[in-house]
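Next comes query.pdb, a file with PDB, C-alpha atoms.
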```
MODEL        1
ATOM      1  CA  MET A   1      51.380  37.663 168.065
ATOM      2  CA  SER A   2      51.223  39.576 171.369
ATOM      3  CA  HIS A   3      48.102  41.429 172.507
ATOM      4  CA  LEU A   4      49.768  44.846 171.906
ATOM      5  CA  LYS A   5      50.850  43.915 168.394
ATOM      6  CA  ARG A   6      47.323  42.740 167.540
ATOM      7  CA  VAL A   7      45.860  46.043 168.757
ATOM      8  CA  THR A   8      48.419  48.068 166.815
ATOM      9  CA  SER A   9      47.840  46.072 163.643
ATOM     10  CA  LEU A  10      44.087  46.449 163.849
ATOM     11  CA  PHE A  11      44.273  50.203 164.378
ATOM     12  CA  LEU A  12      46.668  50.541 161.449
ATOM     13  CA  LEU A  13      44.303  48.510 159.298
ATOM     14  CA  GLY A  14      41.380  50.755 160.246
ATOM     15  CA  GLY A  15      43.380  53.871 159.450
ATOM     16  CA  LEU A  16      44.378  52.417 156.106
ATOM     17  CA  PHE A  17      40.732  51.739 155.228
ATOM     18  CA  ALA A  18      39.832  55.324 156.107
ATOM     19  CA  LEU A  19      42.612  56.790 153.970
ATOM     20  CA  ILE A  20      41.698  54.597 151.018
ATOM     21  CA  ALA A  21      38.072  55.700 151.290
ATOM     22  CA  LEU A  22      39.015  59.360 151.525
ATOM     23  CA  PHE A  23      41.385  59.481 148.583
ATOM     24  CA  SER A  24      39.326  57.220 146.358
ATOM     25  CA  VAL A  25      36.486  59.770 146.213
ATOM     26  CA  GLN A  26      38.558  62.949 146.055
ATOM     27  CA  PRO A  27      39.362  62.720 142.302
ATOM     28  CA  ALA A  28      35.656  62.702 141.379
ATOM     29  CA  THR A  29      35.082  65.893 143.348
ATOM     30  CA  ALA A  30      38.150  67.552 141.847
ATOM     31  CA  HIS A  31      37.028  66.553 138.357
ATOM     32  CA  ALA A  32      33.544  67.989 138.969
ATOM     33  CA  GLU A  33      34.949  71.289 140.194
ATOM     34  CA  HIS A  34      37.283  71.396 137.176
ATOM     35  CA  ALA A  35      34.424  70.721 134.741
ATOM     36  CA  GLU A  36      32.208  73.378 136.281
ATOM     37  CA  SER A  37      34.915  76.025 135.782
ATOM     38  CA  MET A  38      35.156  75.362 132.044
ATOM     39  CA  ALA A  39      33.775  77.283 129.101
ATOM     40  CA  TYR A  40      33.758  75.724 125.623
ATOM     41  CA  ILE A  41      35.019  77.334 122.438
ATOM     42  CA  ARG A  42      35.271  76.407 118.809
ATOM     43  CA  VAL A  43      37.178  78.390 116.202
ATOM     44  CA  ILE A  44      36.411  79.066 112.539
ATOM     45  CA  HIS A  45      38.920  80.462 110.059
ATOM     46  CA  ALA A  46      36.879  82.912 107.970
ATOM     47  CA  SER A  47      39.574  85.362 106.859
ATOM     48  CA  PRO A  48      39.833  84.934 103.074
ATOM     49  CA  ASP A  49      43.391  86.220 102.614
ATOM     50  CA  ALA A  50      45.155  85.393 105.870
ATOM     51  CA  GLY A  51      46.408  82.060 104.560
ATOM     52  CA  VAL A  52      47.197  79.070 106.763
ATOM     53  CA  VAL A  53      47.689  80.165 110.358
ATOM     54  CA  ASP A  54      48.594  79.037 113.864
ATOM     55  CA  VAL A  55      46.335  79.971 116.784
ATOM     56  CA  PHE A  56      47.705  80.712 120.252
ATOM     57  CA  VAL A  57      45.838  81.109 123.543
ATOM     58  CA  ASP A  58      47.716  82.780 126.387
ATOM     59  CA  GLY A  59      50.962  82.178 124.534
ATOM     60  CA  ASN A  60      50.343  78.447 124.022
ATOM     61  CA  LYS A  61      49.639  76.993 120.589
ATOM     62  CA  LEU A  62      46.043  75.809 120.376
ATOM     63  CA  LEU A  63      45.835  75.107 116.630
ATOM     64  CA  SER A  64      48.509  74.444 114.043
ATOM     65  CA  SER A  65      48.167  74.722 110.244
ATOM     66  CA  PHE A  66      44.632  76.122 110.578
ATOM     67  CA  GLN A  67      43.140  76.545 107.113
ATOM     68  CA  PHE A  68      40.433  78.786 105.712
ATOM     69  CA  GLY A  69      36.921  77.385 106.109
ATOM     70  CA  VAL A  70      37.777  74.930 108.897
ATOM     71  CA  VAL A  71      35.564  74.806 112.000
ATOM     72  CA  THR A  72      37.001  73.069 115.058
ATOM     73  CA  PRO A  73      34.965  71.023 117.538
ATOM     74  CA  TYR A  74      34.239  72.644 120.888
ATOM     75  CA  VAL A  75      37.147  72.380 123.307
ATOM     76  CA  PRO A  76      37.157  73.212 127.039
ATOM     77  CA  LEU A  77      38.904  76.368 128.221
ATOM     78  CA  PRO A  78      38.982  77.773 131.765
ATOM     79  CA  SER A  79      36.530  80.603 132.254
ATOM     80  CA  GLY A  80      37.843  84.150 132.487
ATOM     81  CA  LYS A  81      39.956  86.394 130.299
ATOM     82  CA  HIS A  82      42.246  84.945 127.637
ATOM     83  CA  ASN A  83      44.644  86.429 125.127
ATOM     84  CA  VAL A  84      44.150  85.000 121.628
ATOM     85  CA  GLN A  85      46.766  85.506 118.932
ATOM     86  CA  ILE A  86      46.802  84.350 115.317
ATOM     87  CA  ALA A  87      49.949  84.243 113.193
ATOM     88  CA  VAL A  88      50.812  83.016 109.720
ATOM     89  CA  ILE A  89      51.954  79.409 109.995
ATOM     90  CA  GLY A  90      55.508  79.001 111.207
ATOM     91  CA  THR A  91      56.097  82.691 112.012
ATOM     92  CA  GLY A  92      55.489  82.331 115.747
ATOM     93  CA  VAL A  93      53.357  84.183 118.259
ATOM     94  CA  GLY A  94      55.572  87.270 117.988
ATOM     95  CA  ALA A  95      54.417  87.803 114.388
ATOM     96  CA  SER A  96      50.690  87.661 115.166
ATOM     97  CA  VAL A  97      48.331  89.458 112.803
ATOM     98  CA  ILE A  98      45.562  89.278 115.433
ATOM     99  CA  THR A  99      46.030  89.897 119.145
ATOM    100  CA  GLN A 100      42.773  90.161 121.044
ATOM    101  CA  SER A 101      41.475  89.426 124.540
ATOM    102  CA  ILE A 102      38.254  87.501 125.018
ATOM    103  CA  MET A 103      36.186  86.964 128.164
ATOM    104  CA  ILE A 104      34.362  83.660 128.555
ATOM    105  CA  THR A 105      31.982  82.388 131.220
ATOM    106  CA  ALA A 106      31.912  78.918 132.774
ATOM    107  CA  GLY A 107      29.287  76.584 131.380
ATOM    108  CA  THR A 108      28.869  78.562 128.141
ATOM    109  CA  PRO A 109      29.784  77.607 124.552
ATOM    110  CA  TYR A 110      31.284  80.129 122.148
ATOM    111  CA  THR A 111      32.168  80.395 118.474
ATOM    112  CA  VAL A 112      35.313  82.459 117.862
ATOM    113  CA  ALA A 113      35.642  83.602 114.254
ATOM    114  CA  ALA A 114      38.863  84.907 112.713
ATOM    115  CA  LEU A 115      37.678  87.586 110.288
ATOM    116  CA  GLY A 116      38.772  90.427 108.040
ATOM    117  CA  THR A 117      41.232  91.002 105.247
ATOM    118  CA  LYS A 118      44.649  92.551 104.907
ATOM    119  CA  ALA A 119      43.027  95.706 103.514
ATOM    120  CA  SER A 120      40.414  96.061 106.244
ATOM    121  CA  GLY A 121      42.415  94.586 109.108
ATOM    122  CA  TYR A 122      42.011  91.276 110.904
ATOM    123  CA  SER A 123      39.952  90.701 114.046
ATOM    124  CA  LEU A 124      38.054  88.153 116.102
ATOM    125  CA  SER A 125      34.308  88.028 116.588
ATOM    126  CA  VAL A 126      33.009  86.036 119.554
ATOM    127  CA  PHE A 127      29.487  84.595 119.433
ATOM    128  CA  THR A 128      27.709  83.107 122.436
ATOM    129  CA  ASP A 129      26.076  79.850 121.392
ATOM    130  CA  ASP A 130      23.062  77.971 122.738
ATOM    131  CA  ASN A 131      23.109  74.215 122.223
ATOM    132  CA  LEU A 132      20.072  73.340 124.313
ATOM    133  CA  ILE A 133      17.318  71.335 122.619
ATOM    134  CA  SER A 134      13.920  71.248 124.287
ATOM    135  CA  ASN A 135      12.179  68.654 122.100
ATOM    136  CA  ASN A 136      12.743  66.299 119.184
ATOM    137  CA  ASP A 137      13.314  69.122 116.686
ATOM    138  CA  ALA A 138      16.592  70.485 115.328
ATOM    139  CA  LYS A 139      17.913  74.032 115.623
ATOM    140  CA  VAL A 140      19.620  76.103 112.935
ATOM    141  CA  ARG A 141      21.676  79.294 113.159
ATOM    142  CA  VAL A 142      23.404  81.316 110.423
ATOM    143  CA  TYR A 143      26.673  83.235 110.878
ATOM    144  CA  HIS A 144      27.513  85.941 108.306
ATOM    145  CA  LEU A 145      31.308  85.923 108.004
ATOM    146  CA  SER A 146      31.714  86.962 104.362
ATOM    147  CA  PRO A 147      33.136  90.500 104.004
ATOM    148  CA  GLY A 148      31.689  92.947 101.484
ATOM    149  CA  THR A 149      28.749  90.817 100.366
ATOM    150  CA  GLY A 150      25.773  92.675 101.796
ATOM    151  CA  ASN A 151      23.115  91.124 103.989
ATOM    152  CA  VAL A 152      22.341  87.404 104.063
ATOM    153  CA  ASN A 153      18.896  85.843 103.737
ATOM    154  CA  VAL A 154      18.352  82.111 104.261
ATOM    155  CA  SER A 155      15.086  80.156 104.143
ATOM    156  CA  ASN A 156      13.930  76.609 103.635
ATOM    157  CA  GLY A 157      11.149  77.701 101.321
ATOM    158  CA  THR A 158       8.504  78.104 104.002
ATOM    159  CA  THR A 159      10.488  79.223 107.043
ATOM    160  CA  SER A 160      12.927  82.128 107.231
ATOM    161  CA  VAL A 161      16.122  81.064 108.981
ATOM    162  CA  ALA A 162      17.925  84.410 108.613
ATOM    163  CA  SER A 163      16.665  87.697 107.204
ATOM    164  CA  GLY A 164      18.751  90.794 106.493
ATOM    165  CA  LEU A 165      21.686  89.381 108.443
ATOM    166  CA  ALA A 166      24.636  91.798 108.414
ATOM    167  CA  TYR A 167      28.324  90.957 108.271
ATOM    168  CA  GLN A 168      29.847  89.762 111.576
ATOM    169  CA  LYS A 169      26.389  88.942 112.934
ATOM    170  CA  ALA A 170      24.642  85.674 113.768
ATOM    171  CA  SER A 171      20.951  84.948 113.427
ATOM    172  CA  ASP A 172      18.613  83.791 116.147
ATOM    173  CA  TYR A 173      18.180  80.046 116.526
ATOM    174  CA  ILE A 174      15.288  78.607 114.544
ATOM    175  CA  ALA A 175      13.677  75.309 115.534
ATOM    176  CA  ILE A 176      12.858  73.150 112.512
ATOM    177  CA  PRO A 177      11.457  69.600 112.400
ATOM    178  CA  ALA A 178      14.175  67.057 111.648
ATOM    179  CA  GLY A 179      14.561  66.091 107.994
ATOM    180  CA  SER A 180      16.411  66.807 104.751
ATOM    181  CA  TYR A 181      16.221  70.350 103.425
ATOM    182  CA  LYS A 182      17.442  72.581 100.642
ATOM    183  CA  LEU A 183      18.124  75.985 102.149
ATOM    184  CA  ASP A 184      17.975  78.939  99.772
ATOM    185  CA  ALA A 185      20.594  81.592 100.537
ATOM    186  CA  THR A 186      20.896  85.054  99.066
ATOM    187  CA  LEU A 187      23.882  87.308  99.793
ATOM    188  CA  SER A 188      23.346  89.909  97.099
ATOM    189  CA  PRO A 189      21.132  90.243  94.021
ATOM    190  CA  SER A 190      23.713  88.261  92.051
ATOM    191  CA  GLN A 191      24.512  85.591  94.630
ATOM    192  CA  ASN A 192      21.924  82.841  95.161
ATOM    193  CA  ILE A 193      23.137  79.582  96.616
ATOM    194  CA  THR A 194      21.276  76.392  97.514
ATOM    195  CA  ILE A 195      22.481  74.544 100.588
ATOM    196  CA  GLY A 196      21.571  70.892 100.985
ATOM    197  CA  THR A 197      21.510  69.715 104.598
ATOM    198  CA  THR A 198      20.051  66.979 106.768
ATOM    199  CA  LEU A 199      18.846  68.143 110.166
ATOM    200  CA  LYS A 200      18.917  65.277 112.635
ATOM    201  CA  PRO A 201      16.732  65.206 115.755
ATOM    202  CA  TRP A 202      18.310  66.718 118.857
ATOM    203  CA  THR A 203      21.036  68.532 116.916
ATOM    204  CA  VAL A 204      22.159  72.121 116.440
ATOM    205  CA  THR A 205      23.325  73.037 112.925
ATOM    206  CA  SER A 206      25.467  76.102 112.292
ATOM    207  CA  VAL A 207      25.645  77.533 108.760
ATOM    208  CA  PHE A 208      28.568  79.878 108.025
ATOM    209  CA  ALA A 209      28.711  82.251 105.068
ATOM    210  CA  ILE A 210      32.384  82.722 104.129
ATOM    211  CA  GLY A 211      34.488  83.837 101.151
ATOM    212  CA  VAL A 212      34.287  86.974  99.004
ATOM    213  CA  GLU A 213      32.032  88.133  96.198
ATOM    214  CA  ASN A 214      33.580  87.819  92.738
ATOM    215  CA  GLY A 215      36.890  86.803  94.253
ATOM    216  CA  ASN A 216      38.975  83.990  95.620
ATOM    217  CA  PRO A 217      38.032  82.116  97.723
ATOM    218  CA  ALA A 218      34.517  82.343  96.344
ATOM    219  CA  ILE A 219      31.445  82.780  98.493
ATOM    220  CA  GLN A 220      30.310  79.517 100.020
ATOM    221  CA  PHE A 221      28.233  78.166 102.864
ATOM    222  CA  ILE A 222      29.680  75.554 105.190
ATOM    223  CA  SER A 223      27.818  73.864 107.998
ATOM    224  CA  THR A 224      28.594  71.900 111.113
ATOM    225  CA  GLN A 225      26.280  69.939 113.360
ATOM    226  CA  VAL A 226      26.598  69.157 117.069
ATOM    227  CA  ALA A 227      24.444  67.141 119.425
ATOM    228  CA  GLY A 228      21.950  69.162 121.417
ATOM    229  CA  MET A 229      21.925  68.960 125.184
ATOM    230  CA  PRO A 230      18.584  68.316 126.836
ATOM    231  CA  GLY A 231      20.263  67.362 130.134
ATOM    232  CA  MET A 232      21.778  70.708 131.092
ATOM    233  CA  PRO A 233      19.000  73.294 131.594
ATOM    234  CA  GLY A 234      20.346  76.791 132.022
ATOM    235  CA  THR A 235      23.722  76.149 130.393
ATOM    236  CA  GLY A 236      23.705  74.324 127.083
ATOM    237  CA  SER A 237      27.438  74.446 126.985
ATOM    238  CA  ASP A 238      29.446  71.292 127.306
ATOM    239  CA  PRO A 239      29.502  69.198 124.152
ATOM    240  CA  ASN A 240      30.168  66.237 126.472
ATOM    241  CA  ALA A 241      27.151  67.009 128.590
ATOM    242  CA  ALA A 242      26.617  63.498 129.918
ATOM    243  CA  SER A 243      29.999  63.273 131.601
ATOM    244  CA  VAL A 244      29.696  66.710 133.172
ATOM    245  CA  THR A 245      26.191  66.081 134.429
ATOM    246  CA  SER A 246      27.210  62.781 136.001
ATOM    247  CA  VAL A 247      29.926  64.344 138.131
ATOM    248  CA  SER A 248      28.454  67.773 138.814
ATOM    249  CA  THR A 249      26.096  66.356 141.428
ATOM    250  CA  HIS A 250      29.126  65.449 143.568
ATOM    251  CA  SER A 251      30.495  68.972 143.568
ATOM    252  CA  THR A 252      27.369  70.330 145.280
ATOM    253  CA  THR A 253      28.113  68.153 148.335
ATOM    254  CA  PRO A 254      31.849  68.531 149.071
ATOM    255  CA  TRP A 255      31.396  67.146 152.584
ATOM    256  CA  LEU A 256      30.648  63.619 151.309
ATOM    257  CA  PRO A 257      34.265  62.407 150.932
ATOM    258  CA  THR A 258      35.182  63.389 154.489
ATOM    259  CA  THR A 259      31.953  61.988 155.927
ATOM    260  CA  PHE A 260      32.413  58.724 154.113
ATOM    261  CA  ALA A 261      35.965  58.428 155.376
ATOM    262  CA  LEU A 262      34.869  59.112 158.953
ATOM    263  CA  VAL A 263      32.178  56.436 158.713
ATOM    264  CA  ILE A 264      34.739  53.904 157.519
ATOM    265  CA  ALA A 265      37.073  54.927 160.328
ATOM    266  CA  ALA A 266      34.298  54.549 162.909
ATOM    267  CA  LEU A 267      33.399  51.099 161.623
ATOM    268  CA  SER A 268      37.056  50.123 161.737
ATOM    269  CA  ILE A 269      37.395  51.301 165.345
ATOM    270  CA  GLY A 270      34.235  49.375 166.252
ATOM    271  CA  PHE A 271      35.753  46.292 164.707
ATOM    272  CA  VAL A 272      38.912  46.813 166.777
ATOM    273  CA  VAL A 273      36.914  47.229 169.983
ATOM    274  CA  ARG A 274      34.982  44.016 169.373
ATOM    275  CA  ARG A 275      38.230  42.124 168.752
ATOM    276  CA  LEU A 276      39.678  43.485 171.990
ATOM    277  CA  ARG A 277      36.656  42.329 173.965
ATOM    278  CA  LYS A 278      37.074  38.862 172.550
ATOM    279  CA  ALA A 279      40.832  38.830 173.208
TER     280      ALA A 279
ENDMDL
END
```

Let me see whether you can do it: turn the structure in this file into structure tokens.
Amino acid sequence: MSHLKRVTSLFLLGGLFALIALFSVQPATAHAEHAESMAYIRVIHASPDAGVVDVFVDGNKLLSSFQFGVVTPYVPLPSGKHNVQIAVIGTGVGASVITQSIMITAGTPYTVAALGTKASGYSLSVFTDDNLISNNDAKVRVYHLSPGTGNVNVSNGTTSVASGLAYQKASDYIAIPAGSYKLDATLSPSQNITIGTTLKPWTVTSVFAIGVENGNPAIQFISTQVAGMPGMPGTGSDPNAASVTSVSTHSTTPWLPTTFALVIAALSIGFVVRRLRKA
């Protein structure tokens, strides 16, 4: 191989190394920026007479065949304003019985409840959640989503979890030592319900009052439990906190990919120069 060809080949090799280094680290930064722009929502169907529905966000179907009493896991959604529509299954977004805009903030979890009846009108209530756990305890919160049943009171016998909670409201979070409990719930003088639940360490349990008094579907309490997030102080949002935390550190230093690529390029050029001196 001639001297000129060797020089050209070595320079091309150095450039190739630099490009590989640059593009290999770009996806991590893009993923971090994407994660940091996300809010997290879950949806509960608490409308007793709406039937099975489809849920649309910004015209796109988010949930299909969504049944009364179902609570979804948290799912990521870009922060900002979104148009949420709910329609009876199979009727399409144009036949929505609920059309409502919601505003969500990056790094924050939300519970979106589909509420109301045909007589009173349907609507959405949006609750800002807090899934941070500061110690080995568990946290509990009650959501009153049962229309026409008066205020809700919930206790574990010694600790009040919710007191005088009105319809379409959520209680404060109560920290309770992990363990098995029987929660006593009262919705009206004639409605007393015992809720058996196991509160695991580092979890957040949500208890939802749904249904109607002396009607169908009957009043009931359903609960869901998610892992708490000790690793995200100030946010408490992403149910997949570990993956977000691991990449978010890269997004605070966007100059690293370029710097790394330049270092590789410089090393490659140094290698070329040394080869030329030996040639």

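If you measure from each of A:Gly164, A:Gly121, A:Gly59, A:Gly228 to Ile133 of chain A using all atoms listed in the file, the closest one turns out to be A:Gly228.
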
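Here atom CA of Gly196 of chain A stands at a distance of 12.5 Å from atom CA of Gly157 of chain A.
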
Specify as a PDB file with C-alpha atoms, keeping the file's coordinate frame each residue included when the PyMOL selection byres ((chain A and resi 65-67) around 9) is applied to this file.
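Listing of part30.pdb after writing:
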```pdb
ATOM      1  CA  ILE A  44      36.411  79.066 112.539  1.00  0.00           C
ATOM      2  CA  HIS A  45      38.920  80.462 110.059  1.00  0.00           C
ATOM      3  CA  ALA A  46      36.879  82.912 107.970  1.00  0.00           C
ATOM      4  CA  GLY A  51      46.408  82.060 104.560  1.00  0.00           C
ATOM      5  CA  VAL A  52      47.197  79.070 106.763  1.00  0.00           C
ATOM      6  CA  VAL A  53      47.689  80.165 110.358  1.00  0.00           C
ATOM      7  CA  ASP A  54      48.594  79.037 113.864  1.00  0.00           C
ATOM      8  CA  VAL A  55      46.335  79.971 116.784  1.00  0.00           C
ATOM      9  CA  LEU A  63      45.835  75.107 116.630  1.00  0.00           C
ATOM     10  CA  SER A  64      48.509  74.444 114.043  1.00  0.00           C
ATOM     11  CA  PHE A  68      40.433  78.786 105.712  1.00  0.00           C
ATOM     12  CA  GLY A  69      36.921  77.385 106.109  1.00  0.00           C
ATOM     13  CA  VAL A  70      37.777  74.930 108.897  1.00  0.00           C
ATOM     14  CA  VAL A  88      50.812  83.016 109.720  1.00  0.00           C
ATOM     15  CA  ILE A  89      51.954  79.409 109.995  1.00  0.00           C
ATOM     16  CA  GLY A  90      55.508  79.001 111.207  1.00  0.00           C
TER      17      GLY A  90
END
```

Write out as JSON, numbers by chain each polymer residue whose atoms come within 12 Å of Val71 of chain A, counting only C-alpha atoms; drop sequence neighbours fewer than 3 positions from it.
{"A": [41, 42, 43, 44, 45, 46, 63, 66, 67, 68, 74, 75, 111, 112, 113, 114, 206, 207, 208, 210, 222, 223, 224, 225, 226]}

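Summary of the local environment: counting all atoms listed in the file, residues at most 7 Å from Ala39 of chain A, other than itself and those fewer than 4 positions away along its chain, are Pro76, Leu77, Pro78, Ser79, Ile104, Thr105, Ala106, Gly107, Thr108 and Pro109 of chain A.
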
So how many Å separate atom CA of Pro48 of chain A and atom CA of Asn153 of chain A, to one decimal?
21.0 Å

Do you have the atom CA of Ala175 of chain A-atom CA of Ser163 of chain A distance handy?
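Pair atom CA of Ala175 of chain A / atom CA of Ser163 of chain A returns 15.2 Å.
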
Can you turn the PyMOL selection byres ((chain A and resi 184) around 12) into a concrete residue list for this file, as a list in words?
Val152, Asn153, Val154, Ser155, Asn156, Gly157, Thr158, Thr159, Ser160, Val161, Ala162, Ser163, Tyr181, Lys182, Leu183, Ala185, Thr186, Leu187, Gln191, Asn192, Ile193, Thr194, Ile195, Gly196, Thr197, Val207 and Phe221 of chain A

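Closest approach to Ala218 of chain A from the set A:Lys200, A:Ser146, A:Gly80, A:Pro177 is made by A:Ser146, with distances taken over all atoms listed in the file.
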
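The nearest approach to Thr205 of chain A among the residues A:Asp58, A:Glu36, A:Asp49, A:Asp130, with only C-alpha atoms taken into account, belongs to A:Asp130.
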
Using all atoms of segment 63-67 of chain A listed in the file and a margin of 4 Å per side, can you give the axis-aligned box centre and edge lengths in Å to one decimal, as lines of an AutoDock Vina configuration file?
```
center_x = 45.8
center_y = 75.5
center_z = 111.9
size_x = 13.4
size_y = 10.1
size_z = 17.5
```

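Each of A:Ala178, A:Ala209, A:Ile86, A:Ala138 was compared to Leu124 of chain A using only C-alpha atoms, and A:Ile86 turns out to be the nearest.
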
Which residue out of A:Lys61, A:His144, A:Lys169, A:His82 has the minimum interatomic distance to Met103 of chain A when all atoms listed in the file are used?
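Using all atoms listed in the file, Met103 of chain A sits closest to A:His82.
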
Suppose a student applies the PyMOL selection byres ((chain A and resi 120) around 12) to this structure; what residues should they get, written as a PyMOL selection string?
chain A and resi 47-50+115-119+121-123+147-148

Which one is closest to Leu199 of chain A: A:Pro73, A:Gly179, A:Gly94, A:Gly150? Count all atoms listed in the file.
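Nearest candidate to Leu199 of chain A out of A:Pro73, A:Gly179, A:Gly94, A:Gly150: A:Gly179.
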
Could you get me a file of segment 171-193 of chain A with C-alpha atoms, as a PDB file, in the first residue's frame, taken from the block above?
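Resulting contents of decode13.pdb:
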```
ATOM      1  CA  SER A 171     -57.846  12.295  51.476  1.00  0.00           C
ATOM      2  CA  ASP A 172     -54.372  13.246  52.584  1.00  0.00           C
ATOM      3  CA  TYR A 173     -51.777  10.486  52.573  1.00  0.00           C
ATOM      4  CA  ILE A 174     -51.452   8.646  55.870  1.00  0.00           C
ATOM      5  CA  ALA A 175     -48.267   6.774  56.768  1.00  0.00           C
ATOM      6  CA  ILE A 176     -48.990   3.444  58.459  1.00  0.00           C
ATOM      7  CA  PRO A 177     -46.550   0.714  59.540  1.00  0.00           C
ATOM      8  CA  ALA A 178     -46.544  -2.192  57.095  1.00  0.00           C
ATOM      9  CA  GLY A 179     -48.832  -5.093  57.981  1.00  0.00           C
ATOM     10  CA  SER A 180     -52.276  -6.622  57.482  1.00  0.00           C
ATOM     11  CA  TYR A 181     -55.250  -4.463  58.399  1.00  0.00           C
ATOM     12  CA  LYS A 182     -59.019  -4.407  58.431  1.00  0.00           C
ATOM     13  CA  LEU A 183     -60.098  -0.900  57.505  1.00  0.00           C
ATOM     14  CA  ASP A 184     -63.527   0.183  58.718  1.00  0.00           C
ATOM     15  CA  ALA A 185     -65.369   2.365  56.203  1.00  0.00           C
ATOM     16  CA  THR A 186     -68.568   4.301  56.708  1.00  0.00           C
ATOM     17  CA  LEU A 187     -70.332   6.082  53.836  1.00  0.00           C
ATOM     18  CA  SER A 188     -73.661   6.758  55.497  1.00  0.00           C
ATOM     19  CA  PRO A 189     -75.404   5.637  58.690  1.00  0.00           C
ATOM     20  CA  SER A 190     -76.584   2.521  56.852  1.00  0.00           C
ATOM     21  CA  GLN A 191     -73.387   1.684  54.983  1.00  0.00           C
ATOM     22  CA  ASN A 192     -70.535   0.148  56.996  1.00  0.00           C
ATOM     23  CA  ILE A 193     -67.971  -1.866  55.103  1.00  0.00           C
TER      24      ILE A 193
END
```
